[in-house]
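A.B. asks: Sharing input_4.txt here; it has compact mmCIF, C-alpha atoms.
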# COMPACT_ATOMS: atom_id res chain seq x y z
CA MET A 116 1.55 191.28 -3.56
CA LYS A 117 1.69 187.47 -3.32
CA LYS A 118 5.42 187.63 -2.45
CA PHE A 119 4.63 190.21 0.21
CA ILE A 120 1.96 188.00 1.83
CA ILE A 121 4.25 184.96 1.72
CA LEU A 122 6.98 187.10 3.35
CA VAL A 123 4.55 188.11 6.10
CA ILE A 124 3.53 184.52 6.80
CA GLY A 125 7.19 183.52 6.93
CA ILE A 126 8.01 186.31 9.35
CA CYS A 127 5.07 185.37 11.55
CA SER A 128 6.25 181.75 11.66
CA LEU A 129 9.82 182.79 12.52
CA PHE A 130 8.45 185.16 15.10
CA LEU A 131 6.66 182.29 16.86
CA LEU A 132 9.64 180.06 16.91
CA SER A 133 12.47 182.12 18.19
CA CYS A 134 -3.50 197.83 21.81
CA SER A 135 -5.45 199.57 23.29
CA LYS A 136 -8.63 198.12 24.86
CA LYS A 137 -10.79 199.66 22.11
CA GLU A 138 -8.67 198.16 19.32
CA VAL A 139 -8.65 194.74 20.99
CA ASP A 140 -12.45 194.90 21.34
CA ASN A 141 -12.69 195.65 17.61
CA ILE A 142 -10.66 192.52 16.84
CA ILE A 143 -12.10 190.08 19.37
CA ILE A 144 -15.72 189.14 20.00
CA GLY A 145 -16.82 187.30 23.12
CA LYS A 146 -14.66 185.21 25.42
CA LEU A 147 -11.80 183.31 23.84
CA PRO A 148 -9.90 180.37 25.29
CA PHE A 149 -6.70 182.41 25.55
CA LYS A 150 -5.39 185.83 26.57
CA THR A 151 -5.58 188.20 23.65
CA PRO A 152 -2.13 189.68 23.03
CA ILE A 153 -1.89 193.45 22.95
CA VAL A 154 -1.88 194.74 19.35
CA GLU A 155 -1.35 198.43 19.97
CA TRP A 156 1.41 199.07 17.44
CA GLY A 157 4.08 201.36 18.80
CA ALA A 158 3.51 200.35 22.43
CA THR A 159 6.61 200.17 24.62
CA LYS A 160 7.89 197.12 26.48
CA ASP A 161 6.74 198.71 29.74
CA LYS A 162 3.17 198.98 28.44
CA VAL A 163 3.21 195.34 27.31
CA LYS A 164 4.65 194.23 30.67
CA GLN A 165 1.85 196.10 32.46
CA TYR A 166 -0.75 194.41 30.22
CA MET A 167 0.80 190.98 30.89
CA LYS A 168 0.80 191.30 34.70
CA GLY A 169 0.14 187.91 36.23
CA TYR A 170 2.02 186.06 33.50
CA THR A 171 5.59 184.80 33.87
CA LEU A 172 8.14 186.62 31.71
CA TYR A 173 10.27 183.74 30.43
CA SER A 174 12.70 185.64 28.20
CA GLU A 175 13.50 189.22 27.30
CA THR A 176 15.82 190.54 24.60
CA ASN A 177 16.21 193.96 23.00
CA SER A 178 13.62 193.01 20.39
CA ALA A 179 11.32 190.49 22.09
CA LEU A 180 9.34 189.48 25.18
CA LEU A 181 8.28 185.86 25.68
CA TYR A 182 5.72 184.94 28.34
CA LEU A 183 4.73 181.50 29.55
CA GLY A 184 1.08 180.80 28.96
CA LYS A 185 -1.66 179.60 31.29
CA ASP A 186 -4.32 176.98 30.65
CA THR A 187 -4.54 176.55 26.85
CA GLU A 188 -1.77 179.03 25.99
CA HIS A 189 1.71 177.61 25.59
CA SER A 190 3.31 181.04 25.20
CA ILE A 191 2.65 184.65 24.23
CA ASN A 192 5.32 186.48 22.27
CA TYR A 193 5.90 190.15 21.42
CA GLN A 194 8.34 191.56 18.84
CA PHE A 195 9.70 195.11 18.86
CA VAL A 196 11.35 197.20 16.16
CA SER A 197 13.09 200.38 17.31
CA GLU A 198 11.68 199.70 20.81
CA LYS A 199 8.08 199.80 19.49
CA LEU A 200 5.66 196.86 19.37
CA SER A 201 5.39 195.51 15.83
CA ALA A 202 4.01 191.96 16.21
CA SER A 203 2.17 189.81 18.76
CA SER A 204 1.42 186.11 18.82
CA VAL A 205 0.07 183.30 20.94
CA LEU A 206 0.95 179.63 20.69
CA LEU A 207 -2.23 177.82 21.67
CA LEU A 208 -2.41 174.22 22.85
CA GLN A 209 -5.30 172.63 21.00
CA SER A 210 -6.70 169.18 21.67
CA ASP A 211 -9.69 169.55 19.33
CA GLU A 212 -8.76 171.50 16.20
CA SER A 213 -12.37 171.91 15.11
CA ASN A 214 -13.56 174.24 17.87
CA ILE A 215 -11.70 177.48 17.05
CA ASP A 216 -13.70 180.04 15.10
CA PHE A 217 -11.06 182.21 13.45
CA SER A 218 -13.71 184.53 12.04
CA LYS A 219 -14.40 185.58 15.65
CA ILE A 220 -10.73 185.95 16.53
CA PHE A 221 -10.24 188.15 13.47
CA LYS A 222 -13.71 189.77 13.70
CA ASN A 223 -13.06 192.97 11.72
CA PHE A 224 -10.52 191.47 9.36
CA GLU A 225 -10.98 190.50 5.73
CA LEU A 226 -10.25 186.85 4.97
CA LEU A 227 -7.62 186.38 2.26
CA PRO A 228 -8.98 183.14 0.72
CA MET A 229 -6.03 182.57 -1.63
CA LEU A 230 -3.81 182.20 1.47
CA THR A 231 -6.25 180.17 3.56
CA SER A 232 -6.78 176.42 3.80
CA GLY A 233 -8.08 174.13 6.54
CA THR A 234 -4.97 174.46 8.72
CA THR A 235 -3.63 177.91 7.77
CA GLY A 236 -5.23 181.26 7.29
CA CYS A 237 -4.53 184.88 6.62
CA TYR A 238 -6.66 187.94 7.41
CA LEU A 239 -6.16 191.64 6.75
CA ASN A 240 -7.41 194.72 8.60
CA ALA A 241 -6.31 197.61 6.37
CA LYS A 242 -7.61 200.28 8.76
CA MET A 243 -5.47 198.94 11.61
CA LYS A 244 -2.63 198.15 9.17
CA THR A 245 -2.56 194.64 10.62
CA LEU A 246 -2.19 191.20 9.15
CA GLY A 247 -3.52 188.26 11.16
CA THR A 248 -2.45 184.67 10.57
CA TYR A 249 -3.00 181.24 12.04
CA GLU A 250 -1.40 177.89 11.40
CA LEU A 251 -1.96 174.44 12.88
CA HIS A 252 1.17 172.51 13.89
CA LYS A 253 0.72 168.80 14.58
CA ASN A 254 3.29 166.65 16.35
CA THR A 255 3.56 163.82 18.84
CA ASN A 256 3.07 166.23 21.75
CA GLY A 257 -0.31 167.36 20.42
CA ASN A 258 -1.71 170.10 18.25
CA PHE A 259 -0.68 173.73 18.49
CA TYR A 260 -2.10 176.77 16.76
CA SER A 261 0.15 179.74 16.18
CA ILE A 262 -2.01 182.87 15.98
CA SER A 263 -0.26 186.11 15.06
CA TRP A 264 -0.90 189.77 14.47
CA ILE A 265 1.74 191.84 12.69
CA GLU A 266 1.96 195.50 11.80
CA ILE A 267 2.00 195.86 8.02
CA ASN A 268 3.85 199.21 8.00
CA ASN A 269 6.81 197.58 9.70
CA LEU A 270 7.08 194.93 6.97
CA VAL A 271 6.87 197.48 4.18
CA GLU A 272 9.53 199.70 5.78
CA GLY A 273 11.80 196.69 6.30
CA GLU A 274 11.96 195.80 2.59
Is it possible to give me this structure as structure tokens?

C.D. replies:
Amino acid sequence: MKKFIILVIGICSLFLLSCSKKEVDNIIIGKLPFKTPIVEWGATKDKVKQYMKGYTLYSETNSALLYLGKDTEHSINYQFVSEKLSASSVLLLQSDESNIDFSKIFKNFELLPMLTSGTTGCYLNAKMKTLGTYELHKNTNGNFYSISWIEINNLVEGE
């Protein structure tokens, strides 16, 4: 299980570098300082593009969509397997790392404490078959949080 979780975190990190309204409401509480990516696993690119209206599509490949962010978002990324949405992430510009409440971002997720520290975290929502992760990246340009949601079934099938 530990190898599986490490694999998931690795995939989420690689994913960053390269849902329906009801489901999103179950994940998110209140207003957040960024656009919540769609996490409706199995959604098509057309559905994601409709959801992201008003954002600039920066890059599109057979397996990914990358949008430029607005305000605090640097970018929003979507990964597809067999033309179906399998992962979503946002790269968030963060000037004050202390003001993000990840328990609100991952409202109905279970914290996985063995994989969580001050700058990284991992949450699980077994009902939605979704793993949520965050990681703080610090560099000379400022602080960035990568916040990701990934479909667990897709990882298991890919092994």

A.B. asks: Interatomic distance between atom CA of Tyr182 of chain A and atom CA of Ile215 of chain A?

C.D. replies: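 These atoms are spaced 22.1 Å apart.
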
A.B. asks: Just checking: using all atoms listed in the file, which residue out of A:Trp156, A:Phe217, A:Tyr173, A:Tyr260 ends up closest to Thr187 of chain A?

C.D. replies: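 Looking only at the distances to Thr187 of chain A, the closest residue turns out to be A:Tyr260.
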
A.B. asks: So how far away is atom CA of Leu181 of chain A from atom CA of Leu227 of chain A, in Å?

C.D. replies: 28.3 Å

A.B. asks: Just give me the gap between atom CA of Glu175 of chain A and atom CA of Ile267 of chain A in Å, one decimal is fine.

C.D. replies: 23.4 Å

A.B. asks: Using all atoms listed in the file, what residues lie at most 8 Å away from (-10.3, 195.0, 7.9) (file coordinates), given as a list in words?

C.D. replies: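 Within the cut-off we find Asn223, Phe224, Glu225, Tyr238, Leu239, Asn240, Ala241, Lys242 and Met243 of chain A.
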
A.B. asks: Pick the closest to Leu208 of chain A from A:Glu188, A:Asp161, A:Glu250, A:Glu155: which is it, counting all atoms listed in the file?

C.D. replies: A:Glu188

A.B. asks: Pick out the closest residue to Phe195 of chain A from this set: A:Asn258, A:Thr159, A:Asn268, A:Gln209. Count all atoms listed in the file.

C.D. replies: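 Smallest separation from Phe195 of chain A among the options: A:Thr159.
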
A.B. asks: At a cut-off of 9 Å, using only C-alpha atoms, what residues contact Gly157 of chain A? Leave out same-chain residues fewer than 6 positions from it and give the result as a list in words.

C.D. replies: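 After dropping sequence-adjacent residues, the list is Cys134, Phe195, Val196, Glu198, Lys199, Leu200 and Ser201 of chain A.
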
A.B. asks: Skipping near chain neighbours, those fewer than 4 positions away, what residues fall within 12 Å of Leu180 of chain A using only C-alpha atoms, listed as a PDB file with C-alpha atoms, in the coordinates of the input?

C.D. replies:
ATOM      1  CA  PHE A 130       8.450 185.160  15.100  1.00  0.00           C
ATOM      2  CA  LEU A 131       6.660 182.290  16.860  1.00  0.00           C
ATOM      3  CA  SER A 133      12.470 182.120  18.190  1.00  0.00           C
ATOM      4  CA  PRO A 152      -2.130 189.680  23.030  1.00  0.00           C
ATOM      5  CA  THR A 159       6.610 200.170  24.620  1.00  0.00           C
ATOM      6  CA  LYS A 160       7.890 197.120  26.480  1.00  0.00           C
ATOM      7  CA  ASP A 161       6.740 198.710  29.740  1.00  0.00           C
ATOM      8  CA  LYS A 162       3.170 198.980  28.440  1.00  0.00           C
ATOM      9  CA  VAL A 163       3.210 195.340  27.310  1.00  0.00           C
ATOM     10  CA  LYS A 164       4.650 194.230  30.670  1.00  0.00           C
ATOM     11  CA  MET A 167       0.800 190.980  30.890  1.00  0.00           C
ATOM     12  CA  TYR A 170       2.020 186.060  33.500  1.00  0.00           C
ATOM     13  CA  THR A 171       5.590 184.800  33.870  1.00  0.00           C
ATOM     14  CA  LEU A 172       8.140 186.620  31.710  1.00  0.00           C
ATOM     15  CA  TYR A 173      10.270 183.740  30.430  1.00  0.00           C
ATOM     16  CA  SER A 174      12.700 185.640  28.200  1.00  0.00           C
ATOM     17  CA  GLU A 175      13.500 189.220  27.300  1.00  0.00           C
ATOM     18  CA  THR A 176      15.820 190.540  24.600  1.00  0.00           C
ATOM     19  CA  SER A 190       3.310 181.040  25.200  1.00  0.00           C
ATOM     20  CA  ILE A 191       2.650 184.650  24.230  1.00  0.00           C
ATOM     21  CA  ASN A 192       5.320 186.480  22.270  1.00  0.00           C
ATOM     22  CA  TYR A 193       5.900 190.150  21.420  1.00  0.00           C
ATOM     23  CA  GLN A 194       8.340 191.560  18.840  1.00  0.00           C
ATOM     24  CA  PHE A 195       9.700 195.110  18.860  1.00  0.00           C
ATOM     25  CA  GLU A 198      11.680 199.700  20.810  1.00  0.00           C
ATOM     26  CA  LYS A 199       8.080 199.800  19.490  1.00  0.00           C
ATOM     27  CA  LEU A 200       5.660 196.860  19.370  1.00  0.00           C
ATOM     28  CA  SER A 201       5.390 195.510  15.830  1.00  0.00           C
ATOM     29  CA  ALA A 202       4.010 191.960  16.210  1.00  0.00           C
ATOM     30  CA  SER A 203       2.170 189.810  18.760  1.00  0.00           C
ATOM     31  CA  SER A 204       1.420 186.110  18.820  1.00  0.00           C
ATOM     32  CA  VAL A 205       0.070 183.300  20.940  1.00  0.00           C
TER      33      VAL A 205
END
